[in-house]
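Structure below is protein_31.pdb: PDB, C-alpha atoms, pLDDT in the B column.
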```pdb
ATOM      1  CA  MET T   5     -48.969  86.439 -63.187  1.00 60.00           C
ATOM      2  CA  GLU T   6     -51.758  89.039 -63.287  1.00 64.00           C
ATOM      3  CA  GLY T   7     -53.555  87.238 -60.460  1.00 67.00           C
ATOM      4  CA  ILE T   8     -50.523  87.462 -58.183  1.00 71.00           C
ATOM      5  CA  ILE T   9     -50.133  91.191 -58.856  1.00 71.00           C
ATOM      6  CA  LYS T  10     -53.829  91.773 -58.160  1.00 65.00           C
ATOM      7  CA  TYR T  11     -53.626  89.909 -54.815  1.00 62.00           C
ATOM      8  CA  LEU T  12     -50.446  91.766 -53.812  1.00 60.00           C
ATOM      9  CA  LEU T  13     -52.116  95.097 -54.591  1.00 59.00           C
ATOM     10  CA  ILE T  14     -55.197  94.221 -52.539  1.00 66.00           C
ATOM     11  CA  PHE T  15     -53.013  92.974 -49.657  1.00 59.00           C
ATOM     12  CA  THR T  16     -50.972  96.206 -49.729  1.00 65.00           C
ATOM     13  CA  ILE T  17     -54.078  98.411 -49.680  1.00 66.00           C
ATOM     14  CA  LEU T  18     -55.760  96.516 -46.853  1.00 59.00           C
ATOM     15  CA  PHE T  19     -52.783  96.244 -44.536  1.00 63.00           C
ATOM     16  CA  SER T  20     -50.949  99.503 -45.199  1.00 62.00           C
ATOM     17  CA  PRO T  21     -50.804 101.595 -41.977  1.00 57.00           C
ATOM     18  CA  ASN T  22     -50.791 104.920 -43.865  1.00 54.00           C
ATOM     19  CA  LEU T  23     -54.076 104.286 -45.643  1.00 49.00           C
ATOM     20  CA  SER T  24     -56.106 103.384 -42.572  1.00 46.00           C
ATOM     21  CA  ALA T  25     -58.522 106.232 -41.741  1.00 47.00           C
ATOM     22  CA  LYS T  26     -59.295 104.828 -38.290  1.00 49.00           C
ATOM     23  CA  LYS T  27     -55.693 105.174 -37.104  1.00 51.00           C
ATOM     24  CA  LYS T  28     -55.446 108.691 -38.481  1.00 53.00           C
ATOM     25  CA  TYR T  29     -58.260 110.092 -36.317  1.00 53.00           C
ATOM     26  CA  ARG T  30     -57.971 107.817 -33.280  1.00 68.00           C
ATOM     27  CA  ASN T  31     -56.415 110.455 -30.998  1.00 86.00           C
ATOM     28  CA  VAL T  32     -58.553 113.440 -32.073  1.00 90.00           C
ATOM     29  CA  ALA T  33     -60.849 114.773 -29.316  1.00 90.00           C
ATOM     30  CA  PHE T  34     -62.561 117.293 -31.613  1.00 91.00           C
ATOM     31  CA  ILE T  35     -61.978 119.502 -34.643  1.00 93.00           C
ATOM     32  CA  GLY T  36     -61.829 123.170 -33.692  1.00 94.00           C
ATOM     33  CA  TYR T  37     -61.286 126.481 -35.469  1.00 95.00           C
ATOM     34  CA  TYR T  38     -58.855 129.272 -34.640  1.00 93.00           C
ATOM     35  CA  LYS T  39     -60.627 132.428 -33.392  1.00 91.00           C
ATOM     36  CA  ASN T  40     -58.161 135.301 -33.772  1.00 89.00           C
ATOM     37  CA  LEU T  41     -56.822 137.074 -36.854  1.00 89.00           C
ATOM     38  CA  PHE T  42     -53.430 135.302 -36.701  1.00 91.00           C
ATOM     39  CA  GLY T  43     -51.720 133.059 -34.185  1.00 91.00           C
ATOM     40  CA  HIS T  44     -48.975 130.532 -33.607  1.00 93.00           C
ATOM     41  CA  ILE T  45     -48.675 126.864 -32.835  1.00 94.00           C
ATOM     42  CA  HIS T  46     -46.145 126.601 -30.028  1.00 94.00           C
ATOM     43  CA  LYS T  47     -43.605 123.889 -29.355  1.00 94.00           C
ATOM     44  CA  ASN T  48     -44.333 123.908 -25.593  1.00 93.00           C
ATOM     45  CA  PRO T  49     -47.401 124.923 -23.547  1.00 93.00           C
ATOM     46  CA  SER T  50     -46.251 128.511 -23.051  1.00 91.00           C
ATOM     47  CA  ARG T  51     -47.007 131.674 -24.984  1.00 87.00           C
ATOM     48  CA  TYR T  52     -43.284 132.517 -24.958  1.00 91.00           C
ATOM     49  CA  SER T  53     -42.139 129.207 -26.476  1.00 92.00           C
ATOM     50  CA  GLN T  54     -40.858 128.675 -30.008  1.00 92.00           C
ATOM     51  CA  SER T  55     -43.410 129.057 -32.814  1.00 92.00           C
ATOM     52  CA  LEU T  56     -43.795 126.118 -35.172  1.00 93.00           C
ATOM     53  CA  SER T  57     -46.227 127.714 -37.629  1.00 92.00           C
ATOM     54  CA  THR T  58     -48.495 130.719 -38.139  1.00 92.00           C
ATOM     55  CA  ILE T  59     -52.207 130.143 -38.677  1.00 93.00           C
ATOM     56  CA  GLY T  60     -55.113 132.418 -39.563  1.00 90.00           C
ATOM     57  CA  CYS T  61     -58.719 132.804 -38.515  1.00 90.00           C
ATOM     58  CA  ASN T  62     -60.980 129.743 -39.007  1.00 91.00           C
ATOM     59  CA  HIS T  63     -58.020 127.470 -39.679  1.00 92.00           C
ATOM     60  CA  PRO T  64     -59.142 123.911 -38.815  1.00 94.00           C
ATOM     61  CA  ILE T  65     -57.322 122.393 -35.847  1.00 94.00           C
ATOM     62  CA  LYS T  66     -57.301 118.797 -34.609  1.00 94.00           C
ATOM     63  CA  VAL T  67     -57.332 118.905 -30.818  1.00 93.00           C
ATOM     64  CA  LEU T  68     -55.652 115.734 -29.573  1.00 93.00           C
ATOM     65  CA  GLY T  69     -56.842 113.505 -26.766  1.00 89.00           C
ATOM     66  CA  LYS T  70     -59.585 110.962 -26.223  1.00 85.00           C
ATOM     67  CA  LYS T  71     -62.966 111.688 -27.814  1.00 80.00           C
ATOM     68  CA  GLY T  72     -64.629 114.411 -25.745  1.00 77.00           C
ATOM     69  CA  ASN T  73     -61.626 114.672 -23.405  1.00 82.00           C
ATOM     70  CA  PRO T  74     -58.866 116.813 -24.970  1.00 86.00           C
ATOM     71  CA  THR T  75     -55.308 116.783 -23.664  1.00 84.00           C
ATOM     72  CA  MET T  76     -54.519 120.033 -21.847  1.00 83.00           C
ATOM     73  CA  LYS T  77     -51.417 121.361 -20.092  1.00 86.00           C
ATOM     74  CA  SER T  78     -51.551 124.626 -18.120  1.00 85.00           C
ATOM     75  CA  GLY T  79     -54.359 126.122 -20.214  1.00 88.00           C
ATOM     76  CA  PHE T  80     -53.023 124.941 -23.597  1.00 92.00           C
ATOM     77  CA  TYR T  81     -54.544 122.251 -25.826  1.00 93.00           C
ATOM     78  CA  HIS T  82     -52.253 119.723 -27.494  1.00 94.00           C
ATOM     79  CA  VAL T  83     -53.068 120.154 -31.200  1.00 94.00           C
ATOM     80  CA  ASN T  84     -52.181 118.842 -34.622  1.00 93.00           C
ATOM     81  CA  VAL T  85     -52.212 121.323 -37.518  1.00 93.00           C
ATOM     82  CA  GLY T  86     -50.884 119.981 -40.788  1.00 90.00           C
ATOM     83  CA  PRO T  87     -47.502 118.380 -40.163  1.00 92.00           C
ATOM     84  CA  TYR T  88     -47.064 120.188 -36.817  1.00 93.00           C
ATOM     85  CA  LYS T  89     -47.919 118.909 -33.345  1.00 94.00           C
ATOM     86  CA  GLY T  90     -47.828 121.618 -30.730  1.00 94.00           C
ATOM     87  CA  TYR T  91     -49.890 123.707 -28.331  1.00 95.00           C
ATOM     88  CA  LEU T  92     -52.532 126.453 -28.608  1.00 93.00           C
ATOM     89  CA  LYS T  93     -54.267 128.447 -25.860  1.00 91.00           C
ATOM     90  CA  LYS T  94     -57.640 127.026 -24.877  1.00 89.00           C
ATOM     91  CA  GLY T  95     -59.393 130.374 -25.391  1.00 88.00           C
ATOM     92  CA  ASP T  96     -58.172 130.674 -28.986  1.00 89.00           C
ATOM     93  CA  ILE T  97     -60.031 127.596 -30.245  1.00 92.00           C
ATOM     94  CA  SER T  98     -63.779 127.357 -30.841  1.00 92.00           C
ATOM     95  CA  LYS T  99     -65.846 124.373 -31.880  1.00 92.00           C
ATOM     96  CA  LYS T 100     -67.818 126.406 -34.442  1.00 92.00           C
ATOM     97  CA  ARG T 101     -66.659 128.569 -37.341  1.00 91.00           C
ATOM     98  CA  ASN T 102     -66.184 132.237 -36.461  1.00 88.00           C
ATOM     99  CA  LYS T 103     -66.919 135.533 -38.182  1.00 90.00           C
ATOM    100  CA  CYS T 104     -63.441 136.572 -39.260  1.00 87.00           C
ATOM    101  CA  TYR T 105     -62.177 140.022 -40.111  1.00 83.00           C
ATOM    102  CA  GLN T 106     -60.722 138.676 -43.374  1.00 83.00           C
ATOM    103  CA  ASN T 107     -64.152 137.427 -44.453  1.00 82.00           C
ATOM    104  CA  LYS T 108     -66.084 140.448 -43.204  1.00 85.00           C
ATOM    105  CA  TYR T 109     -63.851 143.018 -44.982  1.00 85.00           C
ATOM    106  CA  PRO T 110     -62.114 141.151 -47.830  1.00 85.00           C
ATOM    107  CA  ARG T 111     -61.393 144.261 -49.927  1.00 89.00           C
ATOM    108  CA  PHE T 112     -59.617 145.996 -47.062  1.00 86.00           C
ATOM    109  CA  PHE T 113     -57.642 142.876 -46.218  1.00 81.00           C
ATOM    110  CA  ASP T 114     -56.626 142.407 -49.862  1.00 84.00           C
ATOM    111  CA  TYR T 115     -55.560 146.068 -49.999  1.00 89.00           C
ATOM    112  CA  VAL T 116     -53.382 145.688 -46.896  1.00 86.00           C
ATOM    113  CA  ASN T 117     -51.868 142.471 -48.362  1.00 87.00           C
ATOM    114  CA  PRO T 118     -49.819 141.474 -45.288  1.00 86.00           C
ATOM    115  CA  SER T 119     -46.451 139.824 -45.851  1.00 89.00           C
ATOM    116  CA  LEU T 120     -45.384 136.652 -44.033  1.00 89.00           C
ATOM    117  CA  THR T 121     -43.371 138.727 -41.573  1.00 91.00           C
ATOM    118  CA  GLU T 122     -46.362 140.932 -40.746  1.00 90.00           C
ATOM    119  CA  MET T 123     -48.594 137.874 -40.240  1.00 89.00           C
ATOM    120  CA  TYR T 124     -45.946 136.397 -37.924  1.00 90.00           C
ATOM    121  CA  TYR T 125     -45.808 139.554 -35.783  1.00 90.00           C
ATOM    122  CA  TRP T 126     -49.619 139.872 -35.679  1.00 89.00           C
ATOM    123  CA  GLY T 127     -49.714 136.289 -34.438  1.00 89.00           C
ATOM    124  CA  LYS T 128     -47.113 137.096 -31.761  1.00 90.00           C
ATOM    125  CA  LEU T 129     -49.204 140.100 -30.698  1.00 88.00           C
ATOM    126  CA  TYR T 130     -52.280 137.909 -30.211  1.00 85.00           C
ATOM    127  CA  ASP T 131     -50.176 135.427 -28.223  1.00 85.00           C
ATOM    128  CA  LEU T 132     -49.144 138.136 -25.763  1.00 84.00           C
ATOM    129  CA  TYR T 133     -52.629 139.564 -25.174  1.00 81.00           C
ATOM    130  CA  ASN T 134     -54.195 138.863 -21.796  1.00 76.00           C
ATOM    131  CA  GLN T 135     -57.900 138.718 -22.484  1.00 74.00           C
ATOM    132  CA  GLY T 136     -60.508 138.694 -19.743  1.00 76.00           C
ATOM    133  CA  LYS T 137     -62.086 140.906 -17.123  1.00 80.00           C
ATOM    134  CA  SER T 138     -60.087 143.210 -14.905  1.00 81.00           C
ATOM    135  CA  LYS T 139     -59.979 142.315 -11.208  1.00 81.00           C
ATOM    136  CA  ILE T 140     -59.255 145.910 -10.128  1.00 83.00           C
ATOM    137  CA  LYS T 141     -62.136 147.730  -8.445  1.00 78.00           C
TER     138      LYS T 141
END
```

Same coordinates, now as structure tokens:
Amino acid sequence: MEGIIKYLLIFTILFSPNLSAKKKYRNVAFIGYYKNLFGHIHKNPSRYSQSLSTIGCNHPIKVLGKKGNPTMKSGFYHVNVGPYKGYLKKGDISKKRNKCYQNKYPRFFDYVNPSLTEMYYWGKLYDLYNQGKSKIK
């Protein structure tokens, strides 16, 4: 009886789809990090679309696509963050860790102690920024 249980356990571990690490990372182009103070994962590739979750600086992000060739729609990467699959602006993701305000001034950030609502609105503010050079002469 113990032999049958042992073989069933081994069979379950080997052929279980949830335990296979290769399937889990098959569609990940690269692991990136969020650049800004706070931001949102969007449901659609638009900065005005519904927010699925709020993330902070240096939050790890799985950018989906084939290895070295991420999936992009109108300037937004298709990403996976925790249980959420959504979109983030291309310019908000870096391949290396960043110097974050929270890490540079931890005492000030702890003193401010932002609530969830404040973090949400800071993330919305960063979504609406147009960053780049002015074309006006």

Self-check item: Explicit residue set for the PyMOL selection byres ((chain T and resi 130) around 12), as an MDAnalysis selection string
Solution: chainID T and resid 38:45 51:52 58:61 92:93 95:96 123:129 131:135

Self-check item: Proximity to Lys71 (chain T) - best of T:Ile97, T:Leu56, T:Val85, T:Ala33, all atoms listed in the file
Solution: T:Ala33

Quiz item: Hey, which of T:Val83, T:Val67, T:Met76, T:Ile35 ends up closest to Lys47 (chain T)? Count all atoms listed in the file.
Solution: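 For Lys47 (chain T), the nearest of the candidates is T:Val83.
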
Quiz prompt | Atom pair CA of Phe80 (chain T) / CA of Asn48 (chain T): separation (Å) | solution = 9.0 Å

Quiz item: Using the chain letters and numbers from the file, which residues does the PyMOL selection byres ((chain T and resi 34) around 12) grab, as a list in words?
Solution: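 For this structure, the PyMOL selection byres ((chain T and resi 34) around 12) resolves to Tyr29, Arg30, Asn31, Val32, Ala33, Ile35, Gly36, Tyr37, Pro64, Ile65, Lys66, Val67, Leu68, Gly69, Lys70, Lys71, Gly72, Asn73, Pro74, Thr75, Tyr81, His82, Val83, Asn84, Ile97, Ser98, Lys99 and Lys100 of chain T.
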
Exercise. Quote the spacing between CA of Ser57 (chain T) and CA of Gly90 (chain T) in Å to one decimal place.
Key: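 Between these atoms lies a distance of 9.3 Å.
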
Exercise. Using CA of Val116 (chain T) and CA of His63 (chain T) as the two end points, give the distance in Å to one decimal.
Key: 20.1 Å
